[in-house]
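Asks: Enclosed is the structure file input04.txt (compact mmCIF, C-alpha atoms and all ligand atoms).
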# COMPACT_ATOMS: atom_id res chain seq x y z
CA MET A 632 -49.37 -114.65 113.42
CA ASP A 633 -51.83 -115.68 116.16
CA GLY A 634 -55.37 -115.01 115.02
CA PHE A 635 -54.21 -114.81 111.39
CA ARG A 636 -52.96 -118.30 110.60
CA HIS A 637 -56.07 -119.11 108.55
CA ILE A 638 -55.64 -116.00 106.39
CA ASP A 639 -54.66 -116.44 102.74
CA THR A 640 -55.77 -113.05 101.36
CA TRP A 641 -54.77 -109.65 102.75
CA VAL A 642 -56.91 -106.66 101.79
CA PHE A 643 -55.41 -103.21 102.31
CA ASP A 644 -57.00 -99.79 102.24
CA LEU A 645 -54.69 -97.17 100.68
CA ASP A 646 -55.27 -93.71 102.20
CA ASN A 647 -54.04 -93.39 105.79
CA THR A 648 -53.30 -97.12 105.83
CA LEU A 649 -50.56 -98.00 103.29
CA TYR A 650 -49.28 -94.46 103.77
CA ASP A 651 -49.58 -92.67 107.08
CA ALA A 652 -52.07 -89.94 107.94
CA ASN A 653 -49.19 -87.76 109.18
CA THR A 654 -47.80 -87.45 105.62
CA GLY A 655 -50.45 -84.81 105.03
CA VAL A 656 -51.33 -86.28 101.63
CA PHE A 657 -54.93 -86.96 102.55
CA ASP A 658 -55.21 -83.44 103.95
CA GLN A 659 -54.13 -82.16 100.53
CA ILE A 660 -56.75 -84.33 98.84
CA ILE A 661 -59.42 -82.93 101.19
CA GLU A 662 -58.29 -79.38 100.31
CA HIS A 663 -58.66 -80.16 96.61
CA MET A 664 -62.09 -81.72 97.15
CA THR A 665 -63.24 -78.66 99.09
CA GLN A 666 -61.96 -76.33 96.37
CA TYR A 667 -63.70 -78.42 93.71
CA VAL A 668 -67.03 -78.25 95.57
CA SER A 669 -66.59 -74.50 96.05
CA ASP A 670 -65.78 -73.85 92.37
CA ARG A 671 -68.34 -76.25 90.95
CA LEU A 672 -71.27 -75.09 93.10
CA GLY A 673 -70.24 -71.44 93.42
CA ILE A 674 -70.21 -71.43 97.22
CA SER A 675 -67.67 -70.27 99.80
CA ARG A 676 -64.91 -72.61 100.93
CA GLU A 677 -66.48 -72.77 104.37
CA GLU A 678 -69.84 -73.84 102.93
CA ALA A 679 -68.06 -76.24 100.59
CA ASN A 680 -66.21 -77.86 103.48
CA ALA A 681 -69.43 -78.36 105.42
CA LEU A 682 -71.18 -79.80 102.36
CA ARG A 683 -68.24 -82.11 101.64
CA ARG A 684 -68.52 -83.53 105.16
CA THR A 685 -72.26 -83.94 104.85
CA TYR A 686 -71.84 -85.85 101.58
CA TRP A 687 -69.11 -87.98 103.10
CA GLN A 688 -71.35 -88.88 106.04
CA THR A 689 -74.44 -89.47 103.91
CA TYR A 690 -72.99 -91.17 100.85
CA GLY A 691 -69.67 -92.65 102.01
CA THR A 692 -67.57 -90.29 99.88
CA THR A 693 -67.74 -86.68 98.77
CA LEU A 694 -67.66 -87.94 95.20
CA ARG A 695 -70.76 -90.10 95.60
CA GLY A 696 -72.68 -87.18 97.10
CA LEU A 697 -71.68 -84.92 94.21
CA MET A 698 -72.71 -87.59 91.70
CA GLU A 699 -76.08 -88.20 93.36
CA GLU A 700 -76.98 -84.57 93.98
CA HIS A 701 -75.19 -82.67 91.21
CA LYS A 702 -74.51 -85.24 88.48
CA ILE A 703 -70.85 -84.28 88.33
CA ASP A 704 -68.33 -86.08 86.13
CA PRO A 705 -66.52 -88.51 88.48
CA TYR A 706 -63.42 -88.69 86.30
CA GLU A 707 -62.98 -84.92 86.38
CA PHE A 708 -63.44 -84.96 90.17
CA LEU A 709 -60.85 -87.70 90.67
CA ARG A 710 -58.34 -85.93 88.43
CA ILE A 711 -58.64 -82.71 90.42
CA ALA A 712 -58.95 -84.24 93.90
CA HIS A 713 -55.87 -86.41 93.47
CA ASP A 714 -53.66 -83.89 91.69
CA VAL A 715 -51.49 -83.71 94.80
CA ASP A 716 -47.76 -83.63 95.42
CA ILE A 717 -46.57 -86.89 96.96
CA SER A 718 -42.83 -86.36 96.45
CA ASP A 719 -42.18 -85.88 100.18
CA VAL A 720 -43.94 -89.07 101.24
CA PRO A 721 -41.24 -91.40 102.56
CA GLN A 722 -40.98 -95.08 101.71
CA CYS A 723 -41.45 -97.30 104.76
CA GLU A 724 -38.75 -99.96 104.99
CA VAL A 725 -40.79 -102.02 107.47
CA ILE A 726 -43.81 -102.18 105.16
CA LYS A 727 -41.62 -102.95 102.13
CA GLU A 728 -39.83 -105.80 103.90
CA LYS A 729 -42.78 -107.28 105.74
CA LEU A 730 -45.10 -107.33 102.73
CA THR A 731 -42.55 -109.70 101.19
CA LEU A 732 -42.67 -111.95 104.26
CA LEU A 733 -46.45 -111.87 104.72
CA PRO A 734 -47.64 -115.19 103.28
CA GLY A 735 -50.61 -115.04 100.90
CA ARG A 736 -52.19 -112.83 98.26
CA LYS A 737 -52.36 -109.08 98.76
CA VAL A 738 -54.86 -106.72 97.19
CA ILE A 739 -55.68 -103.04 97.61
CA PHE A 740 -59.28 -101.93 98.23
CA THR A 741 -59.62 -98.16 98.04
CA ASN A 742 -62.22 -95.45 97.58
CA SER A 743 -59.54 -93.49 95.71
CA GLY A 744 -59.04 -93.53 91.95
CA GLN A 745 -56.90 -95.78 89.80
CA GLU A 746 -54.32 -93.22 88.67
CA PHE A 747 -53.63 -92.07 92.22
CA ALA A 748 -53.46 -95.60 93.63
CA ARG A 749 -50.95 -96.60 90.96
CA ARG A 750 -48.87 -93.44 91.41
CA MET A 751 -48.80 -93.74 95.19
CA THR A 752 -47.97 -97.45 95.41
CA ARG A 753 -45.15 -97.00 92.88
CA HIS A 754 -43.85 -94.04 94.84
CA LEU A 755 -43.95 -96.11 98.04
CA GLY A 756 -42.04 -98.92 96.27
CA ILE A 757 -44.71 -101.51 97.08
CA ASP A 758 -46.77 -101.82 93.89
CA HIS A 759 -45.24 -105.18 92.92
CA HIS A 760 -46.58 -106.83 96.10
CA PHE A 761 -50.19 -106.58 95.06
CA GLU A 762 -52.07 -108.95 92.82
CA GLY A 763 -54.45 -106.14 92.00
CA THR A 764 -56.06 -102.91 93.08
CA PHE A 765 -59.81 -102.46 93.41
CA THR A 766 -60.45 -98.74 93.02
CA ILE A 767 -63.55 -96.55 93.06
CA GLU A 768 -63.82 -96.98 89.27
CA ASP A 769 -63.95 -100.78 89.74
CA ALA A 770 -66.65 -100.21 92.36
CA ASN A 771 -68.78 -98.30 89.83
CA PHE A 772 -68.28 -95.33 92.15
CA LEU A 773 -70.18 -97.07 94.96
CA PRO A 774 -67.72 -96.61 97.83
CA LYS A 775 -66.87 -98.66 100.87
CA PRO A 776 -68.76 -99.40 103.12
CA ARG A 777 -71.49 -100.30 100.59
CA PRO A 778 -71.98 -104.10 100.82
CA GLU A 779 -72.34 -104.60 97.05
CA THR A 780 -68.81 -103.25 96.62
CA TYR A 781 -67.42 -105.93 98.96
CA THR A 782 -69.31 -108.54 96.96
CA ALA A 783 -67.67 -107.11 93.83
CA ILE A 784 -64.09 -107.24 95.13
CA ILE A 785 -64.59 -110.76 96.53
CA GLU A 786 -65.86 -111.85 93.10
CA LYS A 787 -63.13 -110.07 91.19
CA PHE A 788 -60.29 -111.69 93.13
CA SER A 789 -62.33 -114.80 94.02
CA PHE A 790 -61.27 -115.16 97.63
CA ASP A 791 -63.01 -116.62 100.65
CA PRO A 792 -63.78 -113.70 103.00
CA LYS A 793 -63.48 -116.08 105.96
CA LYS A 794 -59.84 -116.52 105.01
CA ALA A 795 -59.23 -112.81 104.39
CA ALA A 796 -58.08 -109.98 106.64
CA MET A 797 -58.80 -106.33 105.90
CA PHE A 798 -56.87 -103.28 107.12
CA ASP A 799 -58.56 -99.86 107.11
CA ASP A 800 -58.45 -96.64 109.14
CA MET A 801 -62.23 -96.24 108.87
CA GLN A 802 -64.15 -98.35 111.37
CA VAL A 803 -67.29 -98.20 109.26
CA ASN A 804 -65.47 -99.86 106.35
CA LEU A 805 -64.45 -102.70 108.64
CA LYS A 806 -68.02 -103.20 109.82
CA THR A 807 -69.08 -104.38 106.36
CA ALA A 808 -65.86 -106.39 106.06
CA ALA A 809 -66.67 -108.24 109.29
CA GLU A 810 -70.21 -108.88 108.06
CA THR A 811 -68.77 -110.73 105.05
CA GLY A 812 -66.69 -112.88 107.40
CA MET A 813 -63.35 -111.08 107.10
CA THR A 814 -61.00 -110.59 110.02
CA THR A 815 -60.53 -106.86 110.60
CA VAL A 816 -57.56 -104.73 111.63
CA TRP A 817 -58.30 -101.09 112.41
CA ILE A 818 -55.52 -98.60 111.75
CA ASN A 819 -56.26 -96.26 114.63
CA CYS A 820 -54.40 -93.23 113.31
CA GLY A 821 -56.27 -90.86 115.58
CA GLU A 822 -58.12 -89.05 112.83
CA GLY A 823 -60.84 -90.01 110.45
CA SER A 824 -60.46 -90.25 106.73
CA ASP A 825 -62.08 -87.64 104.55
CA GLY A 826 -61.27 -85.10 107.24
CA ASP A 827 -64.09 -85.96 109.54
CA GLY A 828 -61.90 -86.10 112.63
CA GLU A 829 -64.47 -88.21 114.38
CA ASN A 830 -63.17 -91.69 113.89
CA GLY A 831 -61.82 -92.26 117.36
CA CYS A 832 -64.29 -93.53 119.89
CA GLU A 833 -63.76 -94.76 123.42
CA ASP A 834 -65.35 -98.15 122.96
CA VAL A 835 -64.08 -100.27 120.14
CA PRO A 836 -67.04 -102.02 118.50
CA PRO A 837 -67.09 -105.82 118.24
CA TYR A 838 -66.48 -105.86 114.49
CA ILE A 839 -63.01 -104.47 115.13
CA HIS A 840 -61.05 -107.66 115.76
CA HIS A 841 -57.57 -106.12 116.01
CA GLN A 842 -56.17 -102.62 116.06
CA THR A 843 -52.86 -100.85 115.69
CA GLY A 844 -51.63 -97.27 115.49
CA LYS A 845 -49.85 -97.82 112.17
CA LEU A 846 -49.73 -100.62 109.63
CA ALA A 847 -45.95 -100.81 110.02
CA ASP A 848 -46.32 -101.48 113.76
CA TRP A 849 -48.74 -104.34 113.15
CA LEU A 850 -46.49 -105.87 110.50
CA GLU A 851 -43.45 -105.52 112.73
CA GLN A 852 -45.18 -107.20 115.67
CA THR A 853 -47.04 -109.88 113.73
CA VAL A 854 -45.08 -111.01 110.70
CA PRO A 855 -42.07 -113.25 111.39
CA GLN A 856 -38.60 -112.09 110.37
CA HIS A 857 -38.13 -115.07 108.08
CA PRO A 858 -40.35 -116.56 105.41
CA VAL A 859 -42.96 -118.97 106.74
CA LYS A 860 -42.07 -122.46 105.57
CA LYS A 861 -44.74 -124.21 103.55
CA LYS A 862 -45.75 -127.59 104.97
MG MG A 901 -58.34 -94.85 104.48
What does the file become when written as structure tokens?
Ligand SMILES: [Mg+2]

Replies:
Amino acid sequence: MDGFRHIDTWVFDLDNTLYDANTGVFDQIIEHMTQYVSDRLGISREEANALRRTYWQTYGTTLRGLMEEHKIDPYEFLRIAHDVDISDVPQCEVIKEKLTLLPGRKVIFTNSGQEFARRMTRHLGIDHHFEGTFTIEDANFLPKPRPETYTAIIEKFSFDPKKAAMFDDMQVNLKTAAETGMTTVWINCGEGSDGDGENGCEDVPPYIHHQTGKLADWLEQTVPQHPVKKK
């Protein structure tokens, strides 16, 4: 637990963090988002994919871009984007066991919607570990890495960011986390969220304090096998 002994609150991203990028779930979500943009704006899938990426880069999420530029209904978007089959996603025994042994409060901080976050964490068998989930609805649809959204989650769960650690596969989300005082752990899954494919960079920026290929690897290497005794 070196470097983490002062931590009392653990903040987890959901997509490509609590479940792995190689499950293909996020790829399905991206497909649905692209189809939505294509149908809603009456453009080809190729154009829709390019526009989706532009919105993601400009606004943080495709959804935010569609809200700003096309006044779409966010609830309809979330319902369609997250209507994906997760039945093949395996439960991870390491994550299940180690979340029990990780001392402190655990919360989820995701740009995904509430229904999907609940469905996925139940499916993964880990929902009971979390004190709460801060979803894009809670964020008033202002996604990570917007600073006001970090202020909102810190207020909602009233934790000290200097005693919190955040796990996310998106470096940019960890930049804001570090600015609030959080310790950061980058899940370097080799591909960017939202299908950008541009997350990996040669030089790891200073706001990335720790990194791992998969959350399960970090938990396995960091969290002791037995419960930490309270002093
Ligand atoms: Mg993610």

Asks: Find the residues near stretch 784-793 of chain A: any atom within 6 Å, counting all atoms listed in the file, skip ones fewer than 2 places away on the same chain, and give them as a PyMOL selection string.

Replies: chain A and resi 781-782+795+812-813

Asks: How would you report the residues lying within 12 Å of ligand MG 901 (chain A), as a PyMOL selection string, if you count only C-alpha atoms and all ligand atoms?

Replies: chain A and resi 643-652+656-658+691-692+739-743+748+774-776+797-805+817-827+830+845-846

Asks: So what do you get for atom CA of A:Ala770 versus atom CA of A:Ile726, distance-wise?

Replies: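 Computing it gives 26.3 Å between the two atoms.
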
Asks: From the options A:Thr731, A:Thr811, A:Thr685, A:Thr693, which residue's atoms come nearest to A:Leu773, counting only C-alpha atoms?

Replies: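 Closest residue, counting only C-alpha atoms: A:Thr693.
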
Asks: Using all atoms listed in the file, which of A:Arg753, A:Lys806, A:His760, A:Met664 sits nearest A:Pro778?

Replies: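 Smallest distance to A:Pro778 is found for A:Lys806.
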
Asks: What's the separation between atom CA of A:Asn771 and atom CA of A:Ala679, in Å to one decimal place?

Replies: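 Atom-to-atom, atom CA of A:Asn771 to atom CA of A:Ala679, that is 24.6 Å.
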
Asks: Out of A:Glu810, A:Asp716, A:Glu779, A:Asp834, which residue has the shortest atom-to-atom distance to A:Gly655 when counting only C-alpha atoms?

Replies: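 Smallest distance to A:Gly655 is found for A:Asp716.
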
Asks: Between atom CA of A:Ile767 and atom CA of A:Glu662, what distance in Å does the model show, to one decimal?

Replies: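 About the pair atom CA of A:Ile767 and atom CA of A:Glu662: they are 19.4 Å apart.
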
Asks: If we draw a sphere of 12 Å around (-72.3, -84.9, 93.1), which residues have at least one atom in it when counting only C-alpha atoms? Please report them as a ChimeraX atom specification.

Replies: /A:664,667-668,671-672,682-683,685-687,689-690,692-708,772
